[in-house]
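Undergrad: The structure file protein-v1.txt (compact mmCIF, C-alpha atoms) is provided below.
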```
# COMPACT_ATOMS: atom_id res chain seq x y z
CA MET A 190 0.00 0.00 0.00
CA ARG A 191 2.90 2.38 0.58
CA ARG A 192 3.79 2.14 -3.08
CA ILE A 193 0.21 2.82 -4.10
CA ALA A 194 0.01 5.86 -1.84
CA THR A 195 3.30 7.19 -3.19
CA VAL A 196 2.11 6.89 -6.77
CA ILE A 197 -1.30 8.44 -6.36
CA THR A 198 -0.93 10.95 -3.52
CA CYS A 199 -0.81 14.39 -5.11
CA LEU A 200 -2.04 17.89 -4.62
CA PHE A 201 -5.72 18.37 -5.34
CA VAL A 202 -6.03 21.76 -7.08
CA VAL A 203 -8.27 23.45 -9.60
CA CYS A 204 -6.66 24.37 -12.88
CA SER A 205 -9.14 24.81 -15.74
CA LEU A 206 -12.75 25.87 -15.93
CA TRP A 207 -15.70 26.15 -18.26
CA SER A 208 -17.13 29.59 -18.92
CA GLN A 209 -20.56 29.05 -17.30
CA THR A 210 -21.76 31.12 -14.35
CA ASP A 211 -20.90 29.62 -10.99
CA MET A 212 -23.95 29.77 -8.72
CA ARG A 213 -21.78 28.97 -5.70
CA CYS A 214 -20.99 32.64 -5.28
CA ILE A 215 -23.02 35.76 -4.65
CA GLN A 216 -24.58 37.31 -7.77
CA PHE A 217 -25.24 40.98 -8.45
CA GLN A 218 -27.69 41.43 -11.33
CA GLY A 219 -26.31 38.28 -12.92
CA ALA A 220 -22.62 39.03 -12.35
CA PRO A 221 -20.33 37.61 -9.65
CA LEU A 222 -19.89 39.97 -6.72
CA GLU A 223 -16.77 38.63 -5.05
CA GLY A 224 -13.02 38.56 -5.43
CA LEU A 225 -10.21 41.05 -5.72
CA VAL A 226 -11.29 44.67 -5.73
CA ASP A 227 -9.71 45.49 -9.10
CA SER A 228 -11.64 42.64 -10.73
CA VAL A 229 -14.89 43.75 -9.08
CA ARG A 230 -14.34 47.36 -10.17
CA SER A 231 -13.71 46.39 -13.78
CA GLN A 232 -16.81 44.16 -13.85
CA LEU A 233 -18.98 46.91 -12.42
CA GLN A 234 -17.62 49.43 -14.90
CA ALA A 235 -18.38 47.00 -17.73
CA SER A 236 -21.97 46.93 -16.42
CA ASP A 237 -22.22 50.75 -16.68
CA TRP A 238 -21.55 51.54 -13.03
CA THR A 239 -19.45 54.71 -12.73
CA GLU A 240 -16.83 54.89 -9.98
CA TRP A 241 -16.73 58.36 -8.44
CA GLY A 242 -14.48 57.95 -5.41
CA HIS A 243 -13.03 55.87 -2.62
CA SER A 244 -12.13 56.26 1.04
CA ASP A 245 -8.65 57.41 2.03
CA ASP A 246 -7.82 54.01 3.51
CA GLY A 247 -8.85 52.19 0.30
CA GLU A 248 -11.46 50.05 2.09
CA ASP A 249 -14.56 51.57 0.46
CA TYR A 250 -15.31 52.33 -3.21
CA TYR A 251 -18.28 54.38 -4.42
CA PHE A 252 -20.26 53.89 -7.64
CA ARG A 253 -23.34 55.27 -9.38
CA GLY A 254 -25.44 53.29 -11.81
CA LYS A 255 -28.77 51.55 -12.32
CA PHE A 256 -30.09 48.86 -10.00
CA TYR A 257 -32.66 46.89 -11.97
CA GLY A 258 -33.18 49.95 -14.17
CA ILE A 259 -33.43 52.58 -11.43
CA ARG A 260 -30.63 54.97 -10.53
CA ALA A 261 -28.80 53.98 -7.37
CA LYS A 262 -25.60 54.35 -5.38
CA LEU A 263 -23.32 51.43 -4.59
CA LEU A 264 -20.76 51.09 -1.79
CA VAL A 265 -18.25 48.24 -2.15
CA SER A 266 -16.13 47.39 0.91
CA VAL A 267 -12.94 45.32 0.80
CA SER A 268 -10.51 43.80 3.27
CA PRO A 269 -7.40 46.01 3.62
CA ALA A 270 -5.22 42.92 4.10
CA THR A 271 -6.36 40.79 1.14
CA LYS A 272 -8.12 43.35 -1.10
CA LEU A 273 -11.01 40.91 -1.40
CA LEU A 274 -14.62 42.14 -1.41
CA THR A 275 -16.35 41.81 1.96
CA SER A 276 -19.75 43.45 1.25
CA ALA A 277 -21.72 45.62 -1.14
CA TYR A 278 -24.43 48.10 -0.20
CA VAL A 279 -26.97 49.49 -2.70
CA THR A 280 -28.89 52.67 -1.80
CA ILE A 281 -31.93 53.86 -3.75
CA GLY A 282 -33.68 57.08 -2.86
CA PRO A 283 -34.44 59.31 -1.12
CA TYR A 284 -38.23 58.84 -1.14
CA SER A 285 -40.47 61.56 0.28
CA THR A 286 -43.80 59.75 -0.25
CA GLU A 287 -44.88 56.40 1.15
CA GLN A 288 -46.66 55.53 -2.11
CA MET A 289 -43.51 55.64 -4.27
CA LEU A 290 -41.46 53.99 -1.51
CA ALA A 291 -43.88 51.05 -1.28
CA LYS A 292 -44.11 50.70 -5.05
CA ASN A 293 -40.34 50.54 -5.57
CA LYS A 294 -39.79 48.30 -2.54
CA GLN A 295 -42.17 45.75 -4.03
CA TYR A 296 -40.49 46.11 -7.43
CA PHE A 297 -37.00 45.43 -6.04
CA LEU A 298 -38.27 42.56 -3.91
CA TYR A 299 -39.84 41.00 -7.01
CA GLN A 300 -36.58 41.33 -8.98
CA LEU A 301 -34.47 39.96 -6.13
CA GLN A 302 -36.76 36.96 -5.60
CA LYS A 303 -36.73 36.23 -9.31
CA HIS A 304 -32.93 36.08 -9.34
CA HIS A 305 -32.16 34.68 -5.87
CA GLY A 306 -35.19 32.81 -4.57
CA ASP A 307 -37.68 33.42 -1.79
CA PHE A 308 -37.12 36.20 0.74
CA VAL A 309 -38.52 36.01 4.27
CA GLN A 310 -39.44 38.94 6.50
CA ARG A 311 -37.22 39.22 9.54
CA ASP A 312 -36.84 42.13 12.00
CA GLY A 313 -38.51 44.58 9.61
CA ALA A 314 -36.35 43.60 6.62
CA TRP A 315 -36.57 41.04 3.80
CA VAL A 316 -33.77 38.44 3.83
CA CYS A 317 -32.60 35.65 1.51
CA MET A 318 -29.82 33.31 2.64
CA ASP A 319 -28.22 30.20 1.19
CA ASP A 320 -24.90 28.41 1.63
CA PHE A 321 -23.10 31.02 -0.49
CA SER A 322 -24.70 34.41 0.06
CA SER A 323 -26.88 36.64 2.22
CA ILE A 324 -29.00 39.45 0.75
CA LYS A 325 -31.10 41.85 2.82
CA LEU A 326 -33.54 44.52 1.66
CA SER A 327 -34.48 47.16 4.22
CA VAL A 328 -35.91 50.68 4.52
CA VAL A 329 -33.96 53.28 6.51
CA ASP A 330 -34.96 56.74 7.77
CA ASN A 331 -32.97 59.84 6.83
CA ASP A 332 -32.49 62.86 9.09
CA ASN A 333 -34.67 65.06 6.85
CA GLY A 334 -37.69 62.76 7.11
CA SER A 335 -37.19 60.99 3.79
CA LYS A 336 -36.42 57.27 3.43
CA ASP A 337 -34.01 55.12 1.45
CA ILE A 338 -34.25 51.55 0.21
CA ARG A 339 -31.05 49.62 0.87
CA VAL A 340 -29.92 46.20 -0.31
CA LEU A 341 -26.97 44.58 1.45
CA TYR A 342 -24.99 41.80 -0.26
CA LEU A 343 -22.74 39.58 1.90
CA PRO A 344 -20.64 36.68 0.54
CA MET A 345 -20.98 33.62 2.80
CA VAL A 346 -18.12 31.48 1.48
CA ALA A 347 -14.41 32.01 0.95
CA TYR A 348 -13.57 33.54 -2.41
CA TYR A 349 -10.89 31.02 -3.36
CA LYS A 350 -12.54 27.68 -4.13
CA ASP A 351 -9.60 25.34 -3.46
CA ALA A 352 -11.35 23.76 -0.46
CA LEU A 353 -14.78 23.75 -2.11
CA SER A 354 -13.35 21.99 -5.15
CA MET A 355 -12.15 19.18 -2.93
CA GLY A 356 -15.70 18.57 -1.76
CA LEU A 357 -15.12 20.33 1.57
CA HIS A 358 -17.86 22.34 3.26
CA GLY A 359 -17.54 25.33 5.54
CA ALA A 360 -14.56 27.48 6.50
CA VAL A 361 -12.03 24.65 6.59
CA GLN A 362 -8.65 25.51 8.10
CA GLU A 363 -6.96 22.10 8.37
CA VAL A 364 -7.59 18.50 7.30
CA VAL A 365 -5.60 15.58 8.71
CA THR A 366 -6.30 12.20 7.08
CA GLU A 367 -5.31 8.80 8.42
CA ASN A 368 -4.47 6.37 5.56
CA ALA A 369 -4.64 9.17 3.00
CA VAL A 370 -5.08 7.93 -0.57
CA ALA A 371 -5.30 10.29 -3.56
CA GLU A 372 -4.87 13.31 -1.29
CA ASP A 373 -2.27 14.78 1.04
CA GLN A 374 -2.21 13.58 4.64
CA PHE A 375 -2.03 17.16 5.91
CA MET A 376 -3.80 20.06 4.19
CA HIS A 377 -4.03 23.65 5.34
CA PHE A 378 -6.21 26.46 3.94
CA SER A 379 -6.10 30.20 4.45
CA VAL A 380 -9.19 32.00 5.74
CA ASP A 381 -9.84 33.02 2.12
CA GLY A 382 -9.97 29.38 0.98
CA GLN A 383 -6.54 29.00 -0.64
CA ILE A 384 -4.64 25.78 -0.11
CA GLU A 385 -1.26 26.51 1.43
CA ASN A 386 1.43 24.74 -0.56
CA PRO A 387 4.72 26.41 -1.59
CA ASP A 388 5.28 23.77 -4.31
CA LEU A 389 2.31 25.10 -6.27
CA THR A 390 3.65 28.05 -8.27
CA ASN A 391 2.49 30.50 -10.94
CA ARG A 392 -1.11 30.28 -9.81
CA ARG A 393 -3.85 32.00 -11.79
CA TYR A 394 -7.43 32.16 -10.58
CA ASN A 395 -10.50 32.95 -12.64
CA ARG A 396 -13.20 35.46 -11.69
CA TYR A 397 -14.99 32.92 -9.50
CA GLY A 398 -11.93 32.03 -7.42
CA TYR A 399 -11.08 28.72 -9.10
CA LEU A 400 -7.45 27.99 -9.82
CA VAL A 401 -7.20 27.78 -13.61
CA ALA A 402 -3.45 27.40 -14.05
CA ALA A 403 -0.48 26.34 -11.95
CA GLU A 404 2.87 24.57 -12.11
CA MET A 405 4.59 22.10 -9.82
CA THR A 406 8.36 21.70 -9.65
CA GLU A 407 9.44 18.06 -9.55
CA LYS A 408 12.68 16.08 -9.50
CA GLU A 409 12.55 15.81 -13.27
CA GLY A 410 11.36 19.06 -14.83
CA HIS A 411 8.01 20.48 -13.82
CA SER A 412 4.37 19.49 -14.26
CA VAL A 413 1.40 21.45 -15.53
CA VAL A 414 -1.95 20.59 -13.93
CA SER A 415 -5.34 21.13 -15.55
CA TYR A 416 -8.86 20.44 -14.31
CA ALA A 417 -12.21 20.06 -16.08
CA TYR A 418 -15.64 20.60 -14.49
CA ASP A 419 -19.23 19.81 -15.37
CA SER A 420 -22.00 22.42 -15.61
CA ASN A 421 -22.42 22.33 -11.82
CA TYR A 422 -18.73 23.05 -11.26
CA ARG A 423 -18.03 19.56 -9.98
CA LEU A 424 -14.58 18.28 -10.78
CA VAL A 425 -14.75 15.57 -13.44
CA ARG A 426 -11.15 15.29 -14.64
CA ARG A 427 -7.71 16.24 -13.37
CA THR A 428 -4.70 15.96 -15.69
CA LEU A 429 -1.07 16.35 -14.64
CA THR A 430 1.46 16.49 -17.47
CA ASN A 431 5.26 16.30 -17.16
CA GLU A 432 6.56 16.66 -20.70
CA GLN A 433 10.21 16.26 -19.74
CA ALA A 434 9.53 12.93 -18.05
CA GLY A 435 7.01 11.91 -20.69
CA ILE A 436 4.39 11.04 -18.04
CA VAL A 437 0.71 12.00 -17.86
CA TYR A 438 -1.58 11.32 -14.87
CA VAL A 439 -5.33 11.42 -15.54
CA ASN A 440 -7.89 11.34 -12.71
CA ASP A 441 -11.63 11.00 -13.42
CA TYR A 442 -14.38 11.56 -10.82
CA THR A 443 -18.05 10.59 -10.44
CA TYR A 444 -20.56 11.82 -7.85
CA ASN A 445 -23.44 10.52 -5.75
CA GLU A 446 -26.82 12.17 -5.17
CA ASN A 447 -25.31 14.32 -2.41
CA ASN A 448 -22.67 15.73 -4.80
CA GLU A 449 -19.94 13.83 -2.96
CA ILE A 450 -17.19 12.01 -4.83
CA ALA A 451 -18.54 8.48 -5.27
CA SER A 452 -15.58 7.10 -7.19
CA GLN A 453 -12.38 8.11 -8.88
CA SER A 454 -9.90 6.49 -11.18
CA GLN A 455 -6.31 7.28 -12.03
CA LYS A 456 -4.39 6.23 -15.09
CA VAL A 457 -0.71 6.82 -15.68
CA PHE A 458 0.61 7.03 -19.22
CA LYS A 459 4.21 6.71 -20.33
CA GLY A 460 4.06 8.11 -23.82
CA ASP A 461 0.91 6.61 -25.38
CA GLU A 462 0.97 3.51 -23.19
CA CYS A 463 -1.06 3.11 -19.99
CA VAL A 464 1.29 1.65 -17.38
CA LEU A 465 -0.85 1.92 -14.23
CA THR A 466 -4.57 2.02 -13.38
CA ILE A 467 -6.17 2.60 -9.98
CA ASN A 468 -9.93 2.54 -9.31
CA MET A 469 -11.36 3.79 -6.02
CA HIS A 470 -14.92 3.69 -4.60
CA ASN A 471 -15.93 5.61 -1.49
CA ASN A 472 -18.35 4.45 1.18
CA TYR A 473 -18.68 7.34 3.63
CA LEU A 474 -19.46 6.13 7.15
CA THR A 475 -19.59 9.25 9.34
CA ARG A 476 -19.69 13.03 8.88
CA ASP A 477 -19.21 16.06 11.12
CA ASP A 478 -21.66 18.90 11.72
CA GLN A 479 -20.48 20.69 8.57
CA GLY A 480 -21.26 17.66 6.40
CA ASN A 481 -17.64 16.69 5.80
CA TRP A 482 -16.83 12.99 6.03
CA THR A 483 -14.81 11.84 9.01
CA SER A 484 -14.57 8.12 8.21
CA ASN A 485 -14.63 6.33 4.87
CA SER A 486 -14.32 2.74 3.69
CA LEU A 487 -12.33 3.00 0.45
CA SER A 488 -12.44 0.05 -1.95
CA LEU A 489 -9.39 0.06 -4.17
CA SER A 490 -8.17 -1.97 -7.17
CA TYR A 491 -4.66 -1.53 -8.54
CA TRP A 492 -2.99 -2.70 -11.73
CA GLU A 493 0.53 -1.99 -12.93
CA LYS A 494 2.10 -3.13 -16.19
CA GLY A 495 3.82 -6.47 -15.74
CA SER A 496 1.99 -7.31 -12.51
CA GLN A 497 -1.26 -8.91 -11.48
CA SER A 498 -4.09 -6.67 -10.32
CA GLN A 499 -4.58 -6.18 -6.56
CA GLN A 500 -7.66 -5.33 -4.52
CA THR A 501 -7.94 -4.03 -1.00
CA THR A 502 -10.10 -1.95 1.34
CA VAL A 503 -8.72 1.00 3.28
CA LEU A 504 -10.41 2.51 6.35
CA GLN A 505 -9.77 6.24 6.36
CA LYS A 506 -10.36 8.69 9.19
CA ARG A 507 -10.24 12.48 9.07
CA THR A 508 -9.95 15.26 11.60
CA LEU A 509 -11.01 18.74 10.46
CA ALA A 510 -10.49 22.17 12.01
CA TYR A 511 -12.41 25.29 10.95
CA TRP A 512 -11.83 29.01 10.93
CA GLU A 513 -14.15 30.81 13.36
CA GLU A 514 -17.09 32.49 11.64
```
Could you quickly redo this structure as structure tokens?

TA:
Amino acid sequence: MRRIATVITCLFVVCSLWSQTDMRCIQFQGAPLEGLVDSVRSQLQASDWTEWGHSDDGEDYYFRGKFYGIRAKLLVSVSPATKLLTSAYVTIGPYSTEQMLAKNKQYFLYQLQKHHGDFVQRDGAWVCMDDFSSIKLSVVDNDNGSKDIRVLYLPMVAYYKDALSMGLHGAVQEVVTENAVAEDQFMHFSVDGQIENPDLTNRRYNRYGYLVAAEMTEKEGHSVVSYAYDSNYRLVRRTLTNEQAGIVYVNDYTYNENNEIASQSQKVFKGDECVLTINMHNNYLTRDDQGNWTSNSLSLSYWEKGSQSQQTTVLQKRTLAYWEE
């Protein structure tokens, strides 16, 4: 088993992506509202929002534009440490009559429900929450007696999807796996969702926070890793290519009804010839409160050129630590 683990243990990263919209992030009128501030600013400007200023500390950026066709102001706040978006605040108004206020409030609520799902009334506001975002519509009083309509957008997941792409839920900080197969025994993630690994270089993330390109330095040359996803952004293929060594590793993944990895296979090619095949089937036994598995019965079959195939079952256990919300 040590030989099997050595062959197939490798970094699980995200390195190529289709162009569809990822619904696992907060949306703002159909566009992703997350990520690095410069990316957010350029996307807003492409949607005809005009930037007119920012705070001296660079934490707040101000825009004017149209919110579902009606002129509005937009405040985008970012983390000073990471320059990642933390919230967005839309203000429409002021309204001096209750009739126009009620009419536009119902209009915005209709548009928001059409794009995000049902809103529920809570503490005088209308709120919609899912695993990835929180949106709140409220009415606020101004000092002069008028009122504004405000819509607050809050991302609920880390921007970088390294952990999410591994099937992990919640703000995962550390994963320690006993009898790790097809993954590292120890994995650490930043609070922003990035896997911490100095061997992974030249990273490039797309607008949704998925790693679309990276390199790994190895004993013989370096490898380029690429990933393919289905329309639901589930990983379906991982390919690692080392041209200097003439070796290609191909991992394929299937999923169960809970969108967990049901099985995976790995094939190793030397030139055009397949020299190794490994098939793995997961049987998750226990999970923690976040829905991440903590024990798994892994059925494994292994074939290498020149040898007879082998079959075995591996009991895996995991311990997970989370960043505080």

Undergrad: What is the distance, in Å and to one decimal place, between atom CA of A:Lys325 and atom CA of A:Ala277?

TA: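 Between these atoms lies a distance of 10.9 Å.
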
Undergrad: Could you list, as a list in words, every residue within 6 Å of stretch 494-508 of chain A, counting only C-alpha atoms and ignoring same-chain residues fewer than 3 positions away?

TA: Val364, Val365, Thr366, Glu367, Asn368, Val464, Thr483, Ser484, Asn485, Ser486, Leu487, Ser488, Leu489, Ser490 and Tyr491 of chain A

Undergrad: Between A:Ser268, A:Ser322, A:Gln453, A:Gln288, which residue has the minimum interatomic distance to A:Leu222, considering only C-alpha atoms?

TA: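 For A:Leu222, the nearest of the given residues is A:Ser322.
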
Undergrad: A:Asn448: which residues within 10 Å, counting all atoms listed in the file, same-chain residues fewer than 2 positions away excluded, as number ranges by chain?

TA: A: 356, 421, 423, 443-446, 450-451

Undergrad: Of the candidates A:Asp381, A:Asp373, A:Glu248, A:Glu407, which one gets nearest to A:Ser266 if we count only C-alpha atoms?

TA: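 Checking each of A:Asp381, A:Asp373, A:Glu248, A:Glu407 against A:Ser266, counting only C-alpha atoms, the winner is A:Glu248.
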
Undergrad: Nearest to A:Asp227: which of A:Ala261, A:Gly359, A:Arg396, A:Val279 is it, counting only C-alpha atoms?

TA: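 Ranked by minimum distance to A:Asp227, first place goes to A:Arg396.
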
Undergrad: Tell me which protein, DNA and RNA residues are within 9 Å of A:Val265, counting all atoms listed in the file, leaving out same-chain ones fewer than 5 positions away, and put them as a list in words.

TA: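 The filter keeps Val226, Val229, Arg230, Glu248, Asp249, Tyr250, Tyr251, Phe252, Leu274, Thr275, Ser276, Ala277, Tyr278 and Val279 of chain A.
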
Undergrad: Restricting it to C-alpha atoms, dump the selection as a compact mmCIF listing (two decimals), in the frame of the given file.

TA:
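This is the output file part28.txt:
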```txt
# COMPACT_ATOMS: atom_id res chain seq x y z
CA VAL A 226 -11.29 44.67 -5.73
CA VAL A 229 -14.89 43.75 -9.08
CA ARG A 230 -14.34 47.36 -10.17
CA GLU A 248 -11.46 50.05 2.09
CA ASP A 249 -14.56 51.57 0.46
CA TYR A 250 -15.31 52.33 -3.21
CA TYR A 251 -18.28 54.38 -4.42
CA PHE A 252 -20.26 53.89 -7.64
CA LEU A 274 -14.62 42.14 -1.41
CA THR A 275 -16.35 41.81 1.96
CA SER A 276 -19.75 43.45 1.25
CA ALA A 277 -21.72 45.62 -1.14
CA TYR A 278 -24.43 48.10 -0.20
CA VAL A 279 -26.97 49.49 -2.70
```

Undergrad: To one decimal place, how far is atom CA of A:Val370 from atom CA of A:Asn472 in Å?

TA: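 Going from atom CA of A:Val370 over to atom CA of A:Asn472 covers 13.8 Å.
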
Undergrad: Pick from A:Phe458, A:Tyr438, A:Trp512, A:Tyr399: nearest to A:Gly224, with all atoms listed in the file counted?

TA: A:Tyr399

Undergrad: Skipping near chain neighbours, those fewer than 4 positions away, what residues fall within 12 Å of stretch 455-457 of chain A using all atoms listed in the file, listed as a PDB file with C-alpha atoms, in the coordinates of the input?

TA:
```pdb
ATOM      1  CA  ILE A 193       0.210   2.820  -4.100  1.00  0.00           C
ATOM      2  CA  VAL A 196       2.110   6.890  -6.770  1.00  0.00           C
ATOM      3  CA  ILE A 197      -1.300   8.440  -6.360  1.00  0.00           C
ATOM      4  CA  THR A 198      -0.930  10.950  -3.520  1.00  0.00           C
ATOM      5  CA  CYS A 199      -0.810  14.390  -5.110  1.00  0.00           C
ATOM      6  CA  VAL A 370      -5.080   7.930  -0.570  1.00  0.00           C
ATOM      7  CA  ALA A 371      -5.300  10.290  -3.560  1.00  0.00           C
ATOM      8  CA  VAL A 425     -14.750  15.570 -13.440  1.00  0.00           C
ATOM      9  CA  ARG A 426     -11.150  15.290 -14.640  1.00  0.00           C
ATOM     10  CA  ARG A 427      -7.710  16.240 -13.370  1.00  0.00           C
ATOM     11  CA  THR A 428      -4.700  15.960 -15.690  1.00  0.00           C
ATOM     12  CA  LEU A 429      -1.070  16.350 -14.640  1.00  0.00           C
ATOM     13  CA  THR A 430       1.460  16.490 -17.470  1.00  0.00           C
ATOM     14  CA  ASN A 431       5.260  16.300 -17.160  1.00  0.00           C
ATOM     15  CA  GLY A 435       7.010  11.910 -20.690  1.00  0.00           C
ATOM     16  CA  ILE A 436       4.390  11.040 -18.040  1.00  0.00           C
ATOM     17  CA  VAL A 437       0.710  12.000 -17.860  1.00  0.00           C
ATOM     18  CA  TYR A 438      -1.580  11.320 -14.870  1.00  0.00           C
ATOM     19  CA  VAL A 439      -5.330  11.420 -15.540  1.00  0.00           C
ATOM     20  CA  ASN A 440      -7.890  11.340 -12.710  1.00  0.00           C
ATOM     21  CA  ASP A 441     -11.630  11.000 -13.420  1.00  0.00           C
ATOM     22  CA  TYR A 442     -14.380  11.560 -10.820  1.00  0.00           C
ATOM     23  CA  ASP A 461       0.910   6.610 -25.380  1.00  0.00           C
ATOM     24  CA  GLU A 462       0.970   3.510 -23.190  1.00  0.00           C
ATOM     25  CA  CYS A 463      -1.060   3.110 -19.990  1.00  0.00           C
ATOM     26  CA  VAL A 464       1.290   1.650 -17.380  1.00  0.00           C
ATOM     27  CA  LEU A 465      -0.850   1.920 -14.230  1.00  0.00           C
ATOM     28  CA  THR A 466      -4.570   2.020 -13.380  1.00  0.00           C
ATOM     29  CA  ILE A 467      -6.170   2.600  -9.980  1.00  0.00           C
ATOM     30  CA  ASN A 468      -9.930   2.540  -9.310  1.00  0.00           C
ATOM     31  CA  MET A 469     -11.360   3.790  -6.020  1.00  0.00           C
ATOM     32  CA  HIS A 470     -14.920   3.690  -4.600  1.00  0.00           C
ATOM     33  CA  LEU A 489      -9.390   0.060  -4.170  1.00  0.00           C
ATOM     34  CA  SER A 490      -8.170  -1.970  -7.170  1.00  0.00           C
ATOM     35  CA  TYR A 491      -4.660  -1.530  -8.540  1.00  0.00           C
ATOM     36  CA  TRP A 492      -2.990  -2.700 -11.730  1.00  0.00           C
ATOM     37  CA  GLU A 493       0.530  -1.990 -12.930  1.00  0.00           C
ATOM     38  CA  LYS A 494       2.100  -3.130 -16.190  1.00  0.00           C
TER      39      LYS A 494
END
```
